[in-house]
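For reference, final.txt (compact mmCIF, C-alpha atoms):
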# COMPACT_ATOMS: atom_id res chain seq x y z
CA MET A 1 -4.04 -33.16 20.92
CA ASN A 2 -0.35 -32.86 20.07
CA SER A 3 -1.06 -32.28 16.34
CA ASN A 4 -3.55 -29.53 17.24
CA LYS A 5 -0.90 -27.82 19.40
CA SER A 6 1.67 -28.04 16.60
CA LYS A 7 -0.84 -26.57 14.11
CA ILE A 8 -1.50 -23.64 16.47
CA ASP A 9 2.24 -23.09 16.86
CA ALA A 10 2.73 -23.19 13.08
CA ASP A 11 -0.10 -20.68 12.58
CA LEU A 12 1.38 -18.39 15.23
CA ALA A 13 4.78 -18.62 13.54
CA LYS A 14 3.18 -17.63 10.19
CA PHE A 15 1.42 -14.74 11.89
CA SER A 16 4.64 -13.53 13.52
CA SER A 17 6.61 -13.67 10.25
CA PHE A 18 3.83 -11.78 8.42
CA LEU A 19 3.82 -9.19 11.21
CA ASN A 20 7.62 -8.83 11.03
CA LYS A 21 7.44 -8.18 7.26
CA LYS A 22 4.93 -5.40 7.80
CA THR A 23 6.89 -3.78 10.65
CA ASN A 24 10.03 -3.84 8.49
CA ASN A 25 8.06 -1.87 5.85
CA GLY A 26 7.41 0.97 8.30
CA PHE A 27 4.21 -0.08 10.05
CA VAL A 28 3.82 0.29 13.82
CA VAL A 29 1.80 -2.17 15.92
CA LEU A 30 -1.15 -0.46 17.61
CA GLU A 31 -2.82 -3.55 19.02
CA ARG A 32 -1.87 -7.23 19.05
CA ASN A 33 -3.73 -10.32 20.25
CA ASP A 34 -1.94 -13.68 20.13
CA LYS A 35 -4.94 -15.71 21.28
CA LEU A 36 -7.05 -15.08 18.16
CA PRO A 37 -4.33 -14.03 16.47
CA TYR A 38 -4.69 -10.58 14.96
CA ALA A 39 -2.90 -7.23 14.98
CA ILE A 40 -3.76 -3.68 13.97
CA LEU A 41 -0.91 -1.78 12.32
CA MET A 42 -0.50 1.84 11.28
CA LYS A 43 1.85 3.63 8.91
CA SER A 44 2.15 7.35 9.53
CA LYS A 45 1.40 10.05 7.00
CA LYS A 46 4.18 11.08 4.58
CA LYS A 47 4.94 14.74 3.95
CA VAL A 48 4.78 15.77 0.28
CA ASP A 49 7.36 18.23 -1.07
CA HIS A 50 5.12 20.42 -3.21
CA ILE A 51 7.91 22.79 -4.28
CA SER A 52 9.97 20.11 -6.02
CA ASN A 53 6.79 18.59 -7.46
CA PHE A 54 5.90 22.00 -8.92
CA PHE A 55 9.31 22.25 -10.63
CA ILE A 56 8.90 18.75 -12.08
CA PHE A 57 5.38 19.74 -13.19
CA CYS A 58 6.76 22.76 -15.05
CA ALA A 59 9.66 20.80 -16.59
CA THR A 60 7.32 18.11 -17.96
CA LEU A 61 4.79 20.69 -19.22
CA GLY A 62 2.07 19.48 -16.89
CA LEU A 63 2.41 15.72 -17.39
CA TRP A 64 3.64 15.32 -13.82
CA SER A 65 0.26 16.52 -12.52
CA ILE A 66 -1.15 12.96 -12.59
CA ALA A 67 1.67 11.62 -10.44
CA TRP A 68 1.56 14.67 -8.18
CA ILE A 69 -2.15 14.24 -7.51
CA TYR A 70 -1.63 10.55 -6.78
CA ILE A 71 1.24 11.31 -4.39
CA SER A 72 -0.73 14.05 -2.64
CA GLN A 73 -4.07 12.26 -2.32
CA VAL A 74 -3.37 8.52 -2.13
CA SER A 75 0.13 7.49 -1.17
CA SER A 76 0.84 10.21 1.41
CA LYS A 77 -2.12 9.38 3.68
CA ALA A 78 -1.78 7.43 6.91
CA LYS A 79 -2.65 3.75 6.53
CA LYS A 80 -4.26 1.43 9.06
CA ILE A 81 -4.45 -2.31 8.40
CA LEU A 82 -5.59 -5.42 10.22
CA ILE A 83 -3.62 -8.63 9.77
CA ALA A 84 -4.85 -11.95 11.06
CA ILE A 85 -4.88 -15.72 10.55
CA ASP A 86 -8.07 -17.26 9.15
CA GLU A 87 -9.48 -20.65 10.15
CA ASP A 88 -7.42 -22.38 7.42
CA GLY A 89 -4.16 -21.00 8.82
CA ASN A 90 -3.56 -18.44 6.07
CA ALA A 91 -2.43 -14.92 6.86
CA PHE A 92 -4.53 -12.10 5.41
CA GLU A 93 -4.61 -8.31 5.45
CA GLU A 94 -7.54 -5.87 5.40
CA LYS A 95 -7.81 -2.10 5.47
CA CYS A 96 -9.17 -0.45 8.61
CA PHE A 97 -11.25 2.69 8.30

Any chance you could give the structure as structure tokens?
Amino acid sequence: MNSNKSKIDADLAKFSSFLNKKTNNGFVVLERNDKLPYAILMKSKKKVDHISNFFIFCATLGLWSIAWIYISQVSSKAKKILIAIDEDGNAFEEKCF
């Protein structure tokens, strides 16, 4: 019984440290459950400066268009993730849609 309690405490400590890493990277906790344990985190949308990207696009003769499209379409969107502890005690992360 005591070893089971210490395993649960160790798993909860892993979960909390994983959660702290994500919140330090700019994520905000939307929902948290310590009984299961899982949490849903969200990172807000970034604003893209299209004017400076246009000047870089012109200066590189269009080569910057690949990076500009990636910045505009992929990395600037809001992100929602689920982090949890599996039955083996390992922390994992999945995208939420």

Query raised in the report: When you draw a straight line from atom CA of Ser17 of chain A to atom CA of Leu82 of chain A, how long is it in Å?
Result: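 We find that atom CA of Ser17 of chain A and atom CA of Leu82 of chain A lie 14.7 Å from each other.
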
Requested in this report: Mind giving me the straight-line distance from atom CA of Phe54 of chain A to atom CA of Lys77 of chain A in Å, one decimal?
Outcome: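 Taking atom CA of Phe54 of chain A as the start and atom CA of Lys77 of chain A as the end point, the length is 19.6 Å.
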
Report task. Would you mind listing what lies within 9 Å of Asn53 of chain A as a ChimeraX atom specification, with only C-alpha atoms counted and same-chain residues fewer than 4 positions away left out? Result -> /A:48-49,57-58,64-65,68

Query - A:Val28, A:Leu63, A:Ile40, A:Ala10 ranked by distance to Cys96 of chain A, top pick (using only C-alpha atoms) - result: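 When distances to Cys96 of chain A are compared using only C-alpha atoms, the smallest one comes from A:Ile40.
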
Query - Spatial neighbours of Lys47 of chain A, max dist 12 Å, all atoms listed in the file, sep filter under 6 positions, as a VMD selection string - result: chain A and resid 71 to 73 75 to 78

Report task. Would you list the contacts of Phe18 of chain A as a list in words, taking every protein, DNA or RNA residue within 10 Å and counting all atoms listed in the file, but skipping same-chain residues closer than 3 positions in sequence? Result ->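 My reading of the contact set: Leu12, Ala13, Lys14, Phe15, Lys21, Lys22, Thr23, Ile83, Ala84, Ile85, Ala91, Phe92 and Glu93 of chain A.
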
Shell around Lys43 of chain A at 9 Å using all atoms listed in the file, local window under 3 positions removed, as a short mmCIF file (atom, residue, chain, number, x, y, z; two decimals) with C-alpha atoms, in the coordinates of the input:
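Saved the output as part16.cif:
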data_model
loop_
_atom_site.label_atom_id
_atom_site.label_comp_id
_atom_site.auth_asym_id
_atom_site.auth_seq_id
_atom_site.Cartn_x
_atom_site.Cartn_y
_atom_site.Cartn_z
CA ASN A 25 8.06 -1.87 5.85
CA GLY A 26 7.41 0.97 8.30
CA PHE A 27 4.21 -0.08 10.05
CA VAL A 28 3.82 0.29 13.82
CA LYS A 46 4.18 11.08 4.58
CA LYS A 77 -2.12 9.38 3.68
CA ALA A 78 -1.78 7.43 6.91
CA LYS A 79 -2.65 3.75 6.53
CA LYS A 80 -4.26 1.43 9.06
CA ILE A 81 -4.45 -2.31 8.40
#

Report task. Can you pull out every residue within 12 Å of Ile8 of chain A, counting all atoms listed in the file, but drop anything in the same chain fewer than 3 positions away, and send it as a list in words? Result ->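 Near neighbours after the sequence-gap exclusion: Met1, Asn2, Ser3, Asn4, Lys5, Asp11, Leu12, Ala13, Lys14, Phe15, Asp34, Lys35, Leu36, Pro37, Ile85, Asp86, Glu87, Asp88, Gly89 and Asn90 of chain A.
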
Expected axis-aligned box over every listed atom of segment 14-19 of chain A, 4 Å added per side, centre plus edges in Å to one decimal, as JSON:
{"center_x": 4.0, "center_y": -13.4, "center_z": 11.0, "size_x": 13.2, "size_y": 16.4, "size_z": 13.1}

Report summary line: The distance between atom CA of Met42 of chain A and atom CA of Tyr70 of chain A is 20.1 Å

Query raised in the report: Between A:Asn20, A:Leu30, A:Val74, A:Ile66, which is the closest to Lys45 of chain A once you count all atoms listed in the file?
Result: A:Val74

Query raised in the report: Between A:Asn33, A:Ser52, A:Thr60, A:Ser6, which one has atoms that come closest to Leu19 of chain A, using all atoms listed in the file?
Result: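 Of all the options, A:Asn33 lies closest to Leu19 of chain A.
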